[in-house]
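Chemist: mmCIF, C-alpha atoms, saved as final06.cif, coming up:
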```cif
data_data
#
loop_
_atom_site.label_atom_id
_atom_site.label_comp_id
_atom_site.auth_asym_id
_atom_site.auth_seq_id
_atom_site.Cartn_x
_atom_site.Cartn_y
_atom_site.Cartn_z
CA MET Y 297 253.69 160.07 136.31
CA ALA Y 298 253.58 160.37 132.55
CA VAL Y 299 252.26 157.38 130.62
CA VAL Y 300 253.74 156.87 127.16
CA LEU Y 301 251.22 155.33 124.79
CA GLU Y 302 252.42 153.47 121.71
CA LYS Y 303 251.14 155.17 118.57
CA LEU Y 304 248.27 153.13 117.20
CA LYS Y 305 248.26 152.14 113.54
CA GLU Y 306 246.00 154.19 111.34
CA GLU Y 307 243.00 152.15 110.27
CA THR Y 308 243.15 150.81 106.75
CA TYR Y 309 240.71 148.58 104.90
CA PRO Y 310 240.45 147.32 101.32
CA ILE Y 311 240.25 150.04 98.67
CA VAL Y 312 238.07 147.90 96.40
CA LYS Y 313 235.47 145.19 96.80
CA TRP Y 314 236.71 141.87 95.43
CA VAL Y 315 235.01 138.59 94.63
CA GLY Y 316 236.37 136.07 97.12
CA GLY Y 317 237.64 138.86 99.39
CA LYS Y 318 238.79 137.64 102.79
CA ARG Y 319 237.28 140.15 105.26
CA GLN Y 320 234.66 137.57 106.28
CA LEU Y 321 237.41 135.02 107.05
CA MET Y 322 239.71 137.45 108.85
CA PHE Y 323 239.35 135.79 112.25
CA GLU Y 324 240.41 132.40 110.83
CA LEU Y 325 243.28 133.91 108.85
CA LEU Y 326 244.69 135.78 111.84
CA LYS Y 327 244.29 132.73 114.06
CA ASN Y 328 246.31 130.64 111.61
CA MET Y 329 249.12 133.12 110.97
CA PRO Y 330 252.63 132.16 112.09
CA GLU Y 331 253.60 133.77 115.40
CA ASN Y 332 256.79 135.26 113.98
CA TYR Y 333 258.06 135.89 110.47
CA ASN Y 334 260.35 138.32 108.69
CA ARG Y 335 258.85 139.77 105.51
CA TYR Y 336 255.23 139.55 104.29
CA PHE Y 337 254.41 138.56 100.69
CA GLU Y 338 251.01 138.42 99.00
CA PRO Y 339 251.27 137.59 95.28
CA PHE Y 340 247.52 137.43 94.53
CA ILE Y 341 246.74 140.72 96.22
CA GLY Y 342 243.17 141.19 94.92
CA GLY Y 343 241.36 143.35 97.46
CA GLY Y 344 244.16 142.78 99.98
CA ALA Y 345 242.00 142.27 103.08
CA LEU Y 346 244.73 140.50 105.07
CA PHE Y 347 247.43 142.89 103.87
CA PHE Y 348 245.47 145.96 104.97
CA GLU Y 349 244.60 144.29 108.28
CA LEU Y 350 248.20 143.39 109.10
CA GLN Y 351 249.75 146.61 107.73
CA PRO Y 352 253.15 144.96 107.23
CA GLN Y 353 256.28 147.07 106.96
CA ASN Y 354 258.42 146.37 103.90
CA GLY Y 355 255.75 144.11 102.40
CA TYR Y 356 255.53 142.75 98.85
CA ILE Y 357 252.32 142.59 96.84
CA SER Y 358 251.74 141.57 93.25
CA ASP Y 359 249.04 140.49 90.83
CA MET Y 360 248.69 139.79 87.11
CA ASN Y 361 245.80 142.26 86.88
CA GLU Y 362 247.49 145.34 85.38
CA GLU Y 363 244.63 147.70 86.26
CA LEU Y 364 244.61 146.59 89.89
CA ILE Y 365 248.37 147.04 90.23
CA ASN Y 366 248.11 150.46 88.57
CA LEU Y 367 245.52 151.37 91.22
CA TYR Y 368 247.79 150.41 94.12
CA SER Y 369 250.73 152.24 92.54
CA VAL Y 370 248.66 155.40 92.08
CA VAL Y 371 247.34 155.25 95.66
CA ARG Y 372 250.95 154.99 96.82
CA ASP Y 373 252.40 157.73 94.61
CA ASP Y 374 249.58 160.15 93.67
CA VAL Y 375 246.81 159.73 96.24
CA TYR Y 376 245.72 163.39 96.39
CA GLU Y 377 245.47 163.67 92.61
CA LEU Y 378 243.44 160.44 92.63
CA ILE Y 379 241.03 161.78 95.27
CA GLU Y 380 240.54 164.93 93.20
CA ASP Y 381 239.82 162.93 90.04
CA LEU Y 382 237.34 160.65 91.85
CA GLY Y 383 235.24 163.72 92.66
CA LYS Y 384 234.29 164.20 89.01
CA HIS Y 385 232.27 160.99 88.69
CA GLU Y 386 228.49 160.81 88.47
CA VAL Y 387 226.16 158.04 89.58
CA SER Y 388 223.86 157.16 86.69
CA LYS Y 389 223.57 154.21 84.37
CA GLU Y 390 224.30 156.36 81.32
CA TYR Y 391 227.51 157.78 82.83
CA PHE Y 392 228.52 154.33 84.11
CA LEU Y 393 228.24 152.82 80.62
CA GLU Y 394 230.20 155.71 79.16
CA ILE Y 395 233.07 155.16 81.63
CA ARG Y 396 232.90 151.37 81.39
CA ASN Y 397 233.01 151.34 77.60
CA ILE Y 398 236.05 153.61 77.29
CA ASP Y 399 238.21 150.47 77.07
CA ARG Y 400 236.48 149.65 73.79
CA THR Y 401 237.75 152.87 72.21
CA GLU Y 402 241.06 154.53 71.31
CA LYS Y 403 240.48 157.02 74.14
CA TYR Y 404 241.43 154.37 76.70
CA ALA Y 405 245.09 154.43 75.68
CA GLU Y 406 245.13 158.19 76.31
CA LEU Y 407 244.03 157.92 79.96
CA SER Y 408 246.69 158.77 82.55
CA SER Y 409 247.53 156.27 85.27
CA ILE Y 410 245.54 158.45 87.70
CA GLU Y 411 242.49 158.47 85.42
CA ARG Y 412 242.70 154.68 85.02
CA ALA Y 413 242.87 154.21 88.79
CA SER Y 414 239.93 156.60 89.25
CA ARG Y 415 237.92 154.67 86.66
CA PHE Y 416 238.78 151.40 88.42
CA ILE Y 417 237.46 152.60 91.79
CA TYR Y 418 234.37 154.20 90.21
CA LEU Y 419 233.42 151.03 88.33
CA ASN Y 420 234.12 148.87 91.39
CA ARG Y 421 231.81 150.95 93.59
CA THR Y 422 228.98 151.25 91.04
CA CYS Y 423 228.97 147.95 89.13
CA PHE Y 424 226.90 144.89 90.06
CA ASN Y 425 228.20 143.23 93.27
CA GLY Y 426 231.55 145.02 92.97
CA MET Y 427 232.73 142.33 90.59
CA TYR Y 428 235.85 142.73 88.48
CA ARG Y 429 235.42 140.74 85.30
CA VAL Y 430 236.82 141.18 81.81
CA ASN Y 431 236.15 139.42 78.53
CA SER Y 432 238.75 137.75 76.29
CA GLN Y 433 239.70 141.16 74.88
CA GLY Y 434 240.40 142.45 78.39
CA GLN Y 435 237.31 144.71 78.35
CA PHE Y 436 235.39 145.30 81.59
CA ASN Y 437 231.91 143.82 81.14
CA VAL Y 438 230.04 143.94 84.47
CA PRO Y 439 226.62 145.67 84.38
CA PHE Y 440 225.51 148.72 86.39
CA GLY Y 441 224.75 148.00 90.04
CA ASN Y 442 221.99 150.58 90.56
CA TYR Y 443 223.12 151.56 94.09
CA LYS Y 444 221.49 154.63 95.64
CA ASN Y 445 224.50 156.19 97.35
CA PRO Y 446 227.78 154.39 96.56
CA ARG Y 447 230.85 155.73 98.38
CA ILE Y 448 233.14 156.63 95.50
CA VAL Y 449 235.45 159.07 97.33
CA ASP Y 450 236.80 157.54 100.56
CA ALA Y 451 239.58 160.07 101.09
CA GLU Y 452 240.67 159.20 104.63
CA ASN Y 453 241.13 155.51 103.89
CA LEU Y 454 242.93 156.23 100.62
CA ILE Y 455 245.41 158.50 102.43
CA ASN Y 456 246.00 155.90 105.16
CA CYS Y 457 246.46 153.17 102.54
CA SER Y 458 248.90 155.40 100.68
CA LYS Y 459 251.11 155.67 103.76
CA LEU Y 460 251.17 151.88 104.10
CA LEU Y 461 251.85 151.30 100.40
CA LYS Y 462 254.83 153.68 100.47
CA ASN Y 463 256.64 150.94 102.41
CA THR Y 464 255.53 148.21 100.00
CA GLU Y 465 257.00 146.71 96.84
CA ILE Y 466 254.26 146.57 94.18
CA TYR Y 467 254.59 144.53 91.00
CA CYS Y 468 252.49 143.35 88.10
CA ALA Y 469 253.98 139.88 88.04
CA ASP Y 470 253.28 136.17 88.02
CA PHE Y 471 253.04 134.63 91.49
CA SER Y 472 256.17 132.54 90.88
CA GLU Y 473 258.29 135.72 90.79
CA ILE Y 474 258.33 135.74 94.59
CA LEU Y 475 260.86 132.90 94.41
CA ASN Y 476 263.42 135.53 93.39
CA LYS Y 477 262.64 137.62 96.48
CA VAL Y 478 261.80 135.42 99.45
CA GLN Y 479 264.28 134.36 102.11
CA LYS Y 480 264.17 131.85 104.93
CA GLY Y 481 261.81 133.01 107.67
CA ASP Y 482 259.57 135.06 105.36
CA PHE Y 483 255.80 134.47 105.13
CA VAL Y 484 253.68 134.20 101.97
CA TYR Y 485 249.88 134.29 101.84
CA PHE Y 486 248.32 132.90 98.65
CA ASP Y 487 244.71 133.68 97.75
CA PRO Y 488 244.54 132.49 94.14
CA PRO Y 489 241.46 132.13 91.94
CA TYR Y 490 239.85 129.03 93.40
CA VAL Y 491 239.57 125.59 91.83
CA PRO Y 492 235.93 125.47 90.58
CA LEU Y 493 233.50 123.45 92.68
CA ASN Y 494 231.69 122.57 89.45
CA GLU Y 495 231.41 123.81 85.87
CA THR Y 496 228.94 126.59 86.73
CA SER Y 497 230.93 128.05 89.61
CA SER Y 498 234.12 128.86 87.73
CA PHE Y 499 235.10 132.52 88.14
CA THR Y 500 238.65 133.21 87.01
CA SER Y 501 238.23 136.22 84.73
CA TYR Y 502 240.26 138.70 86.77
CA THR Y 503 242.59 138.87 83.77
CA LYS Y 504 241.91 138.14 80.12
CA ASP Y 505 244.07 135.00 80.37
CA GLY Y 506 242.18 133.45 83.28
CA PHE Y 507 243.66 130.92 85.74
CA ASP Y 508 243.40 127.26 84.73
CA LEU Y 509 244.20 123.91 86.35
CA ASP Y 510 247.77 123.94 85.04
CA MET Y 511 248.29 127.12 87.05
CA GLN Y 512 246.98 125.36 90.17
CA PHE Y 513 249.66 122.70 89.72
CA LYS Y 514 252.29 125.39 89.14
CA LEU Y 515 251.16 127.08 92.36
CA ARG Y 516 251.58 123.82 94.30
CA ASP Y 517 255.10 123.48 92.87
CA VAL Y 518 255.91 127.02 94.03
CA CYS Y 519 254.65 126.12 97.51
CA ASP Y 520 256.91 123.05 97.53
CA GLU Y 521 259.89 125.23 96.62
CA LEU Y 522 259.04 127.75 99.33
CA ASP Y 523 258.85 124.91 101.84
CA SER Y 524 262.29 123.68 100.80
CA LYS Y 525 263.67 127.21 101.31
CA GLY Y 526 262.31 127.46 104.86
CA VAL Y 527 259.68 130.02 103.86
CA MET Y 528 256.31 129.79 105.63
CA PHE Y 529 253.16 129.91 103.52
CA MET Y 530 249.41 129.85 104.01
CA LEU Y 531 247.06 129.26 101.08
CA SER Y 532 243.30 129.61 100.67
CA ASN Y 533 241.37 127.54 98.15
CA SER Y 534 238.13 125.65 97.61
CA ASP Y 535 237.51 122.39 99.44
CA THR Y 536 237.75 120.07 96.43
CA LYS Y 537 239.29 116.65 95.90
CA LEU Y 538 241.98 118.18 93.68
CA VAL Y 539 243.06 120.79 96.25
CA ASN Y 540 243.16 118.23 99.05
CA GLU Y 541 245.29 115.92 96.89
CA LEU Y 542 247.63 118.68 95.72
CA TYR Y 543 248.44 119.75 99.27
CA SER Y 544 248.25 116.40 101.05
CA ASN Y 545 251.81 116.88 102.35
CA TYR Y 546 250.77 119.94 104.34
CA GLU Y 547 248.35 120.79 107.12
CA ILE Y 548 244.86 121.40 105.69
CA LYS Y 549 242.24 123.13 107.81
CA LYS Y 550 238.57 123.43 106.82
CA VAL Y 551 236.91 126.80 107.33
CA PHE Y 552 233.41 128.05 106.60
CA ALA Y 553 232.88 130.91 104.16
CA SER Y 554 229.95 132.57 102.40
CA ARG Y 555 229.78 132.76 98.64
CA ALA Y 556 227.34 134.96 96.75
CA ILE Y 557 228.73 134.84 93.19
CA ASN Y 558 227.44 131.63 91.67
CA ALA Y 559 225.17 130.89 88.71
CA ASN Y 560 223.75 127.93 90.63
CA PRO Y 561 221.80 128.97 93.79
CA ASN Y 562 222.89 125.71 95.44
CA GLY Y 563 226.48 126.96 95.28
CA ARG Y 564 225.75 130.06 97.36
CA GLY Y 565 225.68 130.41 101.13
CA LYS Y 566 227.94 128.74 103.72
CA ILE Y 567 230.40 126.24 102.28
CA THR Y 568 233.76 124.89 103.37
CA GLU Y 569 237.04 126.23 102.07
CA VAL Y 570 240.54 125.14 103.01
CA LEU Y 571 243.54 126.82 104.56
CA VAL Y 572 246.82 125.08 103.74
CA LYS Y 573 249.89 125.70 105.95
CA ASN Y 574 253.46 124.38 106.07
CA TYR Y 575 254.20 125.43 109.67
#
```
If you took the structure in this file and wrote it as structure tokens, what would it be?
Modeler:
Amino acid sequence: MAVVLEKLKEETYPIVKWVGGKRQLMFELLKNMPENYNRYFEPFIGGGALFFELQPQNGYISDMNEELINLYSVVRDDVYELIEDLGKHEVSKEYFLEIRNIDRTEKYAELSSIERASRFIYLNRTCFNGMYRVNSQGQFNVPFGNYKNPRIVDAENLINCSKLLKNTEIYCADFSEILNKVQKGDFVYFDPPYVPLNETSSFTSYTKDGFDLDMQFKLRDVCDELDSKGVMFMLSNSDTKLVNELYSNYEIKKVFASRAINANPNGRGKITEVLVKNY
């Protein structure tokens, strides 16, 4: 008797390392997902750990980081050209600085979207801790990571991610833009830049404009509007008095996470974060 096996999904995982990435919290995220929902939205896509784990069909992802969104668009539309371009890169401090500092010159404006995406992956794999940080001029300013054998060309994963992204809407947009797209029964996962635990732990330089406290209040207002529309949401943030007060009308669950990026050693290691849900 013939046994028909359902075709398994092709494995995908994040294309880039990302500060605050959620791979370490995946068990908690999956455990707290709604059982059923229609369309998946993730408006602070970052490294997209949950997105690549779930592999949603007809998903929506967005971010205000133009270079990150260019990367996802190129992986979707021109993955083989991207893989070819990635093969040209060298691993040395001198070459790293040359590629990093292109955005301080007129040459940067001449780069194609594929070359910009290739530069993004190269810098992400070879810079210190895989951080993405820009200064007020929007210039990448993370130092060389001095890794012995960084994996710059991960062709199989890029191809698998490309297939997933072909069924995905990708936008460089403010998180509030989802209000024009969502419908009752949809699910939104928010992973915004976190409210700082203290003055030394602030890390919001994913874009040159940062993400301040006013934006945290705006995000809460968007969550309230989603709730009124019958849209399910889950939100990650730091376990601070402000966050707990902002979302006091919703279920708040404490989860443990590890943090390595902190100027104060006391702010590293296992600390509590929160998951906020309206379902």
Chemist: Give as a ChimeraX atom specification the residues that the PyMOL selection byres ((chain Y and resi 363) around 12) matches when applied to the coordinates above.
Modeler: /Y:342,358-362,364-370,399,408-417,419-420,428-430,434-436,467-468,502-504
Chemist: Write the selection just made, keeping C-alpha atoms, as a compact mmCIF listing (two decimals), in the coordinates of the input?
Modeler:
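Everything below was put into selection_23.txt:
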```
# COMPACT_ATOMS: atom_id res chain seq x y z
CA GLY Y 342 243.17 141.19 94.92
CA SER Y 358 251.74 141.57 93.25
CA ASP Y 359 249.04 140.49 90.83
CA MET Y 360 248.69 139.79 87.11
CA ASN Y 361 245.80 142.26 86.88
CA GLU Y 362 247.49 145.34 85.38
CA LEU Y 364 244.61 146.59 89.89
CA ILE Y 365 248.37 147.04 90.23
CA ASN Y 366 248.11 150.46 88.57
CA LEU Y 367 245.52 151.37 91.22
CA TYR Y 368 247.79 150.41 94.12
CA SER Y 369 250.73 152.24 92.54
CA VAL Y 370 248.66 155.40 92.08
CA ASP Y 399 238.21 150.47 77.07
CA SER Y 408 246.69 158.77 82.55
CA SER Y 409 247.53 156.27 85.27
CA ILE Y 410 245.54 158.45 87.70
CA GLU Y 411 242.49 158.47 85.42
CA ARG Y 412 242.70 154.68 85.02
CA ALA Y 413 242.87 154.21 88.79
CA SER Y 414 239.93 156.60 89.25
CA ARG Y 415 237.92 154.67 86.66
CA PHE Y 416 238.78 151.40 88.42
CA ILE Y 417 237.46 152.60 91.79
CA LEU Y 419 233.42 151.03 88.33
CA ASN Y 420 234.12 148.87 91.39
CA TYR Y 428 235.85 142.73 88.48
CA ARG Y 429 235.42 140.74 85.30
CA VAL Y 430 236.82 141.18 81.81
CA GLY Y 434 240.40 142.45 78.39
CA GLN Y 435 237.31 144.71 78.35
CA PHE Y 436 235.39 145.30 81.59
CA TYR Y 467 254.59 144.53 91.00
CA CYS Y 468 252.49 143.35 88.10
CA TYR Y 502 240.26 138.70 86.77
CA THR Y 503 242.59 138.87 83.77
CA LYS Y 504 241.91 138.14 80.12
```
Chemist: Could you work out how far atom CA of Ile357 of chain Y lies from atom CA of Pro310 of chain Y, giving the answer in Å with one decimal?
Modeler: 13.5 Å
Chemist: Can you tell me which residues surround Gly481 of chain Y at a distance of at most 12 Å, considering all atoms listed in the file, apart from same-chain residues fewer than 6 positions away, and format the answer as a list in words?
Modeler: Pro330, Glu331, Asn332, Tyr333, Asn334, Arg335, Tyr336, Phe337, Leu522, Asp523, Ser524, Lys525, Gly526, Val527, Met528, Phe529 and Tyr575 of chain Y
Chemist: Hey, can you spit out that residue selection with C-alpha atoms as a compact mmCIF listing (two decimals), keeping the file's coordinate frame?
Modeler:
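Here's the written file part_12.txt:
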```
# COMPACT_ATOMS: atom_id res chain seq x y z
CA PRO Y 330 252.63 132.16 112.09
CA GLU Y 331 253.60 133.77 115.40
CA ASN Y 332 256.79 135.26 113.98
CA TYR Y 333 258.06 135.89 110.47
CA ASN Y 334 260.35 138.32 108.69
CA ARG Y 335 258.85 139.77 105.51
CA TYR Y 336 255.23 139.55 104.29
CA PHE Y 337 254.41 138.56 100.69
CA LEU Y 522 259.04 127.75 99.33
CA ASP Y 523 258.85 124.91 101.84
CA SER Y 524 262.29 123.68 100.80
CA LYS Y 525 263.67 127.21 101.31
CA GLY Y 526 262.31 127.46 104.86
CA VAL Y 527 259.68 130.02 103.86
CA MET Y 528 256.31 129.79 105.63
CA PHE Y 529 253.16 129.91 103.52
CA TYR Y 575 254.20 125.43 109.67
```
Chemist: Between Y:Leu461, Y:Val570, Y:Ala469, Y:Leu393, single out the one closest to Val438 of chain Y, counting all atoms listed in the file.
Modeler: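 Among the listed residues, Y:Leu393 lies closest to Val438 of chain Y.
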Chemist: Within 6 Å of segment 313-315 of chain Y, counting all atoms listed in the file, which residues show up once you throw out same-chain ones fewer than 5 positions away? Write them as a list in words, please.
Modeler: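 Neighbouring residues, sequence-local ones excluded: Gly343, Gly426 and Met427 of chain Y.
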Chemist: Quote the spacing between atom CA of Leu325 of chain Y and atom CA of Ser544 of chain Y in Å to one decimal place.
Modeler: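 So the two atoms, atom CA of Leu325 of chain Y and atom CA of Ser544 of chain Y, lie 19.8 Å apart.
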Chemist: I'd like to know which of Y:Leu515, Y:Val478, Y:Met329, Y:Leu531 is closest to Gly355 of chain Y, using all atoms listed in the file.
Modeler: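 Counting all atoms listed in the file, the residue closest to Gly355 of chain Y is Y:Val478.
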Chemist: For each of Y:Lys480, Y:Lys327, Y:Lys462, Y:Lys389, take the minimum atom-to-atom distance to Lys444 of chain Y, counting only C-alpha atoms, then give the residue where this is smallest.
Modeler: Y:Lys389
Chemist: For a test of reading the model, state the distance in Å between atom CA of Asn397 of chain Y and atom CA of Cys423 of chain Y, rounded to one decimal.
Modeler: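 A separation of 12.7 Å between them.
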Chemist: List, as JSON, numbers by chain, every residue that the PyMOL selection byres ((chain Y and resi 446) around 10) selects in the file provided.
Modeler: {"Y": [387, 418, 420, 421, 422, 423, 441, 442, 443, 444, 445, 447, 448, 449]}
Chemist: Could you check which of Y:Lys477, Y:Leu321, Y:Leu460, Y:Val312 is closest to Thr568 of chain Y, using all atoms listed in the file?
Modeler: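 Once distances to Thr568 of chain Y are computed over all atoms listed in the file, the minimum belongs to Y:Leu321.
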Chemist: Excluding Arg319 of chain Y and its own-chain neighbours fewer than 6 positions away, which residues fall within 9 Å of it when counting only C-alpha atoms? Please give them as a VMD selection string.
Modeler: chain Y and resid 310 345 to 346 349
Chemist: Could segment 458-474 of chain Y be completed with N, CA and C atoms and written as a PDB file, in the frame of the given file, please?
Modeler:
```pdb
ATOM      1  N   SER Y 458     247.732 154.872 101.375  1.00  0.00           N
ATOM      2  CA  SER Y 458     248.900 155.400 100.680  1.00  0.00           C
ATOM      3  C   SER Y 458     250.138 155.348 101.561  1.00  0.00           C
ATOM      4  N   LYS Y 459     249.969 155.701 102.827  1.00  0.00           N
ATOM      5  CA  LYS Y 459     251.110 155.670 103.760  1.00  0.00           C
ATOM      6  C   LYS Y 459     251.652 154.241 103.909  1.00  0.00           C
ATOM      7  N   LEU Y 460     250.755 153.271 103.993  1.00  0.00           N
ATOM      8  CA  LEU Y 460     251.170 151.880 104.100  1.00  0.00           C
ATOM      9  C   LEU Y 460     251.867 151.413 102.823  1.00  0.00           C
ATOM     10  N   LEU Y 461     251.304 151.767 101.681  1.00  0.00           N
ATOM     11  CA  LEU Y 461     251.850 151.300 100.400  1.00  0.00           C
ATOM     12  C   LEU Y 461     253.203 151.924 100.081  1.00  0.00           C
ATOM     13  N   LYS Y 462     253.516 153.057 100.702  1.00  0.00           N
ATOM     14  CA  LYS Y 462     254.830 153.680 100.470  1.00  0.00           C
ATOM     15  C   LYS Y 462     255.954 152.785 100.975  1.00  0.00           C
ATOM     16  N   ASN Y 463     255.640 151.881 101.893  1.00  0.00           N
ATOM     17  CA  ASN Y 463     256.640 150.940 102.410  1.00  0.00           C
ATOM     18  C   ASN Y 463     256.500 149.558 101.792  1.00  0.00           C
ATOM     19  N   THR Y 464     255.887 149.494 100.606  1.00  0.00           N
ATOM     20  CA  THR Y 464     255.530 148.210 100.000  1.00  0.00           C
ATOM     21  C   THR Y 464     256.071 148.121  98.580  1.00  0.00           C
ATOM     22  N   GLU Y 465     256.651 146.976  98.229  1.00  0.00           N
ATOM     23  CA  GLU Y 465     257.000 146.710  96.840  1.00  0.00           C
ATOM     24  C   GLU Y 465     255.748 146.260  96.094  1.00  0.00           C
ATOM     25  N   ILE Y 466     255.473 146.863  94.952  1.00  0.00           N
ATOM     26  CA  ILE Y 466     254.260 146.570  94.180  1.00  0.00           C
ATOM     27  C   ILE Y 466     254.661 146.183  92.772  1.00  0.00           C
ATOM     28  N   TYR Y 467     254.219 145.000  92.332  1.00  0.00           N
ATOM     29  CA  TYR Y 467     254.590 144.530  91.000  1.00  0.00           C
ATOM     30  C   TYR Y 467     253.397 143.925  90.277  1.00  0.00           C
ATOM     31  N   CYS Y 468     253.377 144.125  88.965  1.00  0.00           N
ATOM     32  CA  CYS Y 468     252.490 143.350  88.100  1.00  0.00           C
ATOM     33  C   CYS Y 468     253.317 142.160  87.648  1.00  0.00           C
ATOM     34  N   ALA Y 469     253.092 141.021  88.272  1.00  0.00           N
ATOM     35  CA  ALA Y 469     253.980 139.880  88.040  1.00  0.00           C
ATOM     36  C   ALA Y 469     253.264 138.572  88.342  1.00  0.00           C
ATOM     37  N   ASP Y 470     253.748 137.512  87.734  1.00  0.00           N
ATOM     38  CA  ASP Y 470     253.280 136.170  88.020  1.00  0.00           C
ATOM     39  C   ASP Y 470     253.647 135.797  89.459  1.00  0.00           C
ATOM     40  N   PHE Y 471     252.821 134.978  90.083  1.00  0.00           N
ATOM     41  CA  PHE Y 471     253.040 134.630  91.490  1.00  0.00           C
ATOM     42  C   PHE Y 471     254.390 133.944  91.718  1.00  0.00           C
ATOM     43  N   SER Y 472     254.911 133.263  90.708  1.00  0.00           N
ATOM     44  CA  SER Y 472     256.170 132.540  90.880  1.00  0.00           C
ATOM     45  C   SER Y 472     257.367 133.479  91.026  1.00  0.00           C
ATOM     46  N   GLU Y 473     257.192 134.758  90.682  1.00  0.00           N
ATOM     47  CA  GLU Y 473     258.290 135.720  90.790  1.00  0.00           C
ATOM     48  C   GLU Y 473     258.761 135.919  92.231  1.00  0.00           C
ATOM     49  N   ILE Y 474     257.907 135.574  93.190  1.00  0.00           N
ATOM     50  CA  ILE Y 474     258.330 135.740  94.590  1.00  0.00           C
ATOM     51  C   ILE Y 474     259.531 134.862  94.917  1.00  0.00           C
TER      52      ILE Y 474
END
```
